[in-house]
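Reading through the structure tokens given below for one structure.
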Amino acid sequence: MWFVIGDYVAGAVVGAGTALAVHAIVQPGMDMVIAMLLGMAIGMVLHFVLGFILAPFLGMFQTMMPASLIGMYGGMAFGMRDSMGAGSVEWSSCTLVGIIFGIVVVFALHVYDRALRAVVVEGAD
Amino acid sequence: MDLVTQAKWDSLAGSFDFLSQADDRRFAAAKRSLFAKIKGKTLLVAVGTGNDFKFFPPGHHIVGIDISPKMLERARLKVGEYQGQIELDAMDVTALDFPDASFDTVATVCTFCSVPKPVAGLSELRRVLKPGGRILMFEHVRSRIGPLGILQDLMTPLTRRNGPDLNRDTVANVHRAGFKIVRVKNAYLDIVKMIEAENPA
């Protein structure tokens with residue numbers, strides 16, 4: 001139970017961290033493709049650092065896989081949004097969207113994990 | 001002996017228990033259910049600091065090997081916690097110092113993400129496993145889910161420096177080494193897997 005709560009908290013932290021870092025660096029008017037690539041790079045670096053810090057407490061894979069999705073794909077989405085100056089202009093709303101994104105990704109992976117655990121391949125040869 | 005790999009895992013021995021503490025708890029039930037299937041004399045490959053001894057059913061004769069003497073130093077402190085017989089030795093899985101068909105079961109935990117020549121290591125395990133004997137593996141592999149697999153490919157050059165590869169296709173490697181796959185079950189997404197395979201007679 002505590003691990004599951006921890007997964008969601010970690011997802012929220014990585015989501016918020018990525019959203020804030022991208023928001024601080026990507027300015028409105030920046031080329032959207034550059035912003036997307038920059039956001040992806042920021043997200044990947046950040047997820048790696050945060051994931052490494054959190055992994056001993058939550059598990060290497062249960063931390064790194066959601067964090068990598070949040071960092072990479074969230075970073076791309078946040079970068080494109082900020083380059084357009086569309087939505088989440090305030091830091092608080094930017095943080096909230098990052099948290100929501102992180103929690104949604106963790107929830108999706110929990111659902112996916114539950115489905116995949118039921119998969120057993122017998123005599124795969 | 002692969003001295004580069006040995007040095008890498010020697011350097012991690014001091015922090016290994018801290019880094020793996022959560023994995024140890026979250027995968028406890030899965031490991032117990034897998035290793036409940038061991039029979040007879042068992043070779044445990046890459047024992048690390050001995051965290052997995054507690055997942056083995058009591059009363060067995062387990063021979064544990066690891067390439068890292070510093071990991072084994074820590075594992076020796078946990079041998080007494082197991083109610084059975086455990087022998088430990090420093091050894092490279094690609095050059096085992098055991099005669100052919102020495103073991104009834106082989107067990108591995110997150111081993112073939114780190115062995116530089118996985119098929120060679122698995123072939124060597126097949127040599128020391130009796131015909132009809134089983135290999136029970138708890139391993140992480142590359143995901144077949146597109147975005148996750150790509151991320152694992154991107155992260156592997158970084159993780160490889162101080163730890164394992166994240167994008168190995170260990171199920172295919174087991175097959176390539178000549179084992180007959182009996183059962184593959186997911187323990188986390190399609191990344192952490194329990195693999196059971198048999199050494200064909």
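In the structure tokens, each chain is lettered A, B, ... as it comes, each chain's residues begin at 1, and ligands are numbered from 1 in order of appearance.
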Checklist entry - Can you tell me, as a PyMOL selection string, what residues are no more than 12 Å from Gly71 (chain A) when counting only C-alpha atoms, ignoring any on the same chain fewer than 4 positions away? => result (chain A and resi 10-22+36-51+63-67+75-79+98-99+101-102+105) or (chain B and resi 151)
Next on the checklist: Give me, as a ChimeraX atom specification, the residues of chain B that a backbone DSSP run labels helix (DSSP H, G or I).
Outcome noted: /B:3-19,21-26,28-35,53-55,69-76,79-81,118-128,146-162,170-176
Item to check | Long-range neighbours of Leu109 (chain A) as a VMD selection string, 12 Å cut-off, only C-alpha atoms, 2 positions minimum in chain | outcome: (chain A and resid 4 7 to 8 11 61 to 70 102 to 107 111 to 117) or (chain B and resid 145 148 188 to 190)
Pick out the residues sitting within 9 Å of Val115 (chain B), and hand them over as a PDB file with N, CA, C and O atoms, in the first residue's frame; count only C-alpha atoms, and ignore anything fewer than 5 positions along from it in its own chain.
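This is the output file result_20.pdb:
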ATOM      1  N   THR B   5      34.163  -6.335 -15.302  1.00  0.00           N
ATOM      2  CA  THR B   5      32.862  -6.597 -14.662  1.00  0.00           C
ATOM      3  C   THR B   5      33.050  -6.794 -13.161  1.00  0.00           C
ATOM      4  O   THR B   5      32.245  -6.300 -12.350  1.00  0.00           O
ATOM      5  N   VAL B  93      30.570 -16.649 -14.612  1.00  0.00           N
ATOM      6  CA  VAL B  93      29.548 -17.569 -15.150  1.00  0.00           C
ATOM      7  C   VAL B  93      29.917 -18.100 -16.537  1.00  0.00           C
ATOM      8  O   VAL B  93      29.411 -19.141 -16.954  1.00  0.00           O
ATOM      9  N   THR B  94      30.815 -17.417 -17.224  1.00  0.00           N
ATOM     10  CA  THR B  94      31.200 -17.913 -18.550  1.00  0.00           C
ATOM     11  C   THR B  94      32.349 -18.927 -18.474  1.00  0.00           C
ATOM     12  O   THR B  94      32.754 -19.481 -19.497  1.00  0.00           O
ATOM     13  N   GLY B 121      27.415 -17.331 -21.191  1.00  0.00           N
ATOM     14  CA  GLY B 121      27.137 -17.645 -19.781  1.00  0.00           C
ATOM     15  C   GLY B 121      26.016 -18.658 -19.644  1.00  0.00           C
ATOM     16  O   GLY B 121      26.109 -19.619 -18.867  1.00  0.00           O
ATOM     17  N   PRO B 164      23.659  -2.482 -14.615  1.00  0.00           N
ATOM     18  CA  PRO B 164      23.218  -3.400 -15.669  1.00  0.00           C
ATOM     19  C   PRO B 164      22.812  -2.721 -16.966  1.00  0.00           C
ATOM     20  O   PRO B 164      22.561  -1.519 -16.993  1.00  0.00           O
TER      21      PRO B 164
END
Compile a residue-level contact table for chain B against chain A at a cut-off of 8 Å, reporting for every qualifying residue the shortest atom pair and its distance in Å to one decimal, with only C-alpha atoms counted, rows ordered by chain and ascending number, as CSV.
residue,atom,partner,partner_atom,distance
B:Phe18,CA,A:Pro56,CA,6.4
B:Leu19,CA,A:Pro56,CA,4.5
B:Ser20,CA,A:Pro56,CA,5.9
B:Gln21,CA,A:Pro56,CA,6.2
B:Ala22,CA,A:Gly59,CA,4.7
B:Asp23,CA,A:Gly59,CA,4.6
B:Arg26,CA,A:Gly59,CA,7.3
B:Pro147,CA,A:Leu69,CA,7.7
B:Leu148,CA,A:Met65,CA,7.1
B:Leu151,CA,A:Ser68,CA,6.9
B:His175,CA,A:Asp125,CA,7.8
B:Lys180,CA,A:Asp125,CA,6.3
B:Ile181,CA,A:Ala124,CA,5.5
B:Val182,CA,A:Gly123,CA,4.3
B:Arg183,CA,A:Glu122,CA,4.4
B:Val184,CA,A:Val121,CA,5.0
B:Lys185,CA,A:Val120,CA,4.6
B:Asn186,CA,A:Arg117,CA,5.0
B:Ala187,CA,A:Arg117,CA,6.0
B:Tyr188,CA,A:Asp113,CA,6.0
B:Leu189,CA,A:Asp113,CA,4.4
B:Asp190,CA,A:Leu116,CA,6.5
Next on the checklist: Based on the backbone DSSP call, show me all residues of chain B assigned strand (DSSP E), as a PyMOL selection string.
Outcome noted: chain B and resi 42-45+61-66+85-90+103-109+129-140+180-188+192-198
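Picture a line from CA of Lys117 (chain B) to CA of Thr156 (chain B); it runs 15.9 Å.
The smallest atom-to-atom distance between Lys193 (chain B) and any of B:Ala28, B:Val79, B:Ala172, B:Met137, using only C-alpha atoms, is found for B:Met137.
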Next on the checklist: Just want the 9 Å neighbourhood of region 34-39 of chain B, counted on only C-alpha atoms, with same-chain residues fewer than 4 positions away dropped. Output as a count of residues only.
Outcome noted: 19
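Distance-wise, CA of Leu122 (chain B) and CA of Lys70 (chain B) end up 23.5 Å apart.
The interatomic distance for the pair CA of Met71 (chain B) and CA of Asp24 (chain B) works out to 16.1 Å.
Nearest-residue note for Thr95 (chain A): choosing from A:Ala24, A:Met32, A:Ala108, A:Met80, the minimum distance belongs to A:Ala24, counting only C-alpha atoms.
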Checklist entry - If you count only C-alpha atoms, which residues fall within 12 Å of region 80-83 of chain B, apart from same-chain ones fewer than 2 positions away, as a ChimeraX atom specification? => result /B:50-62,74-78,85-87
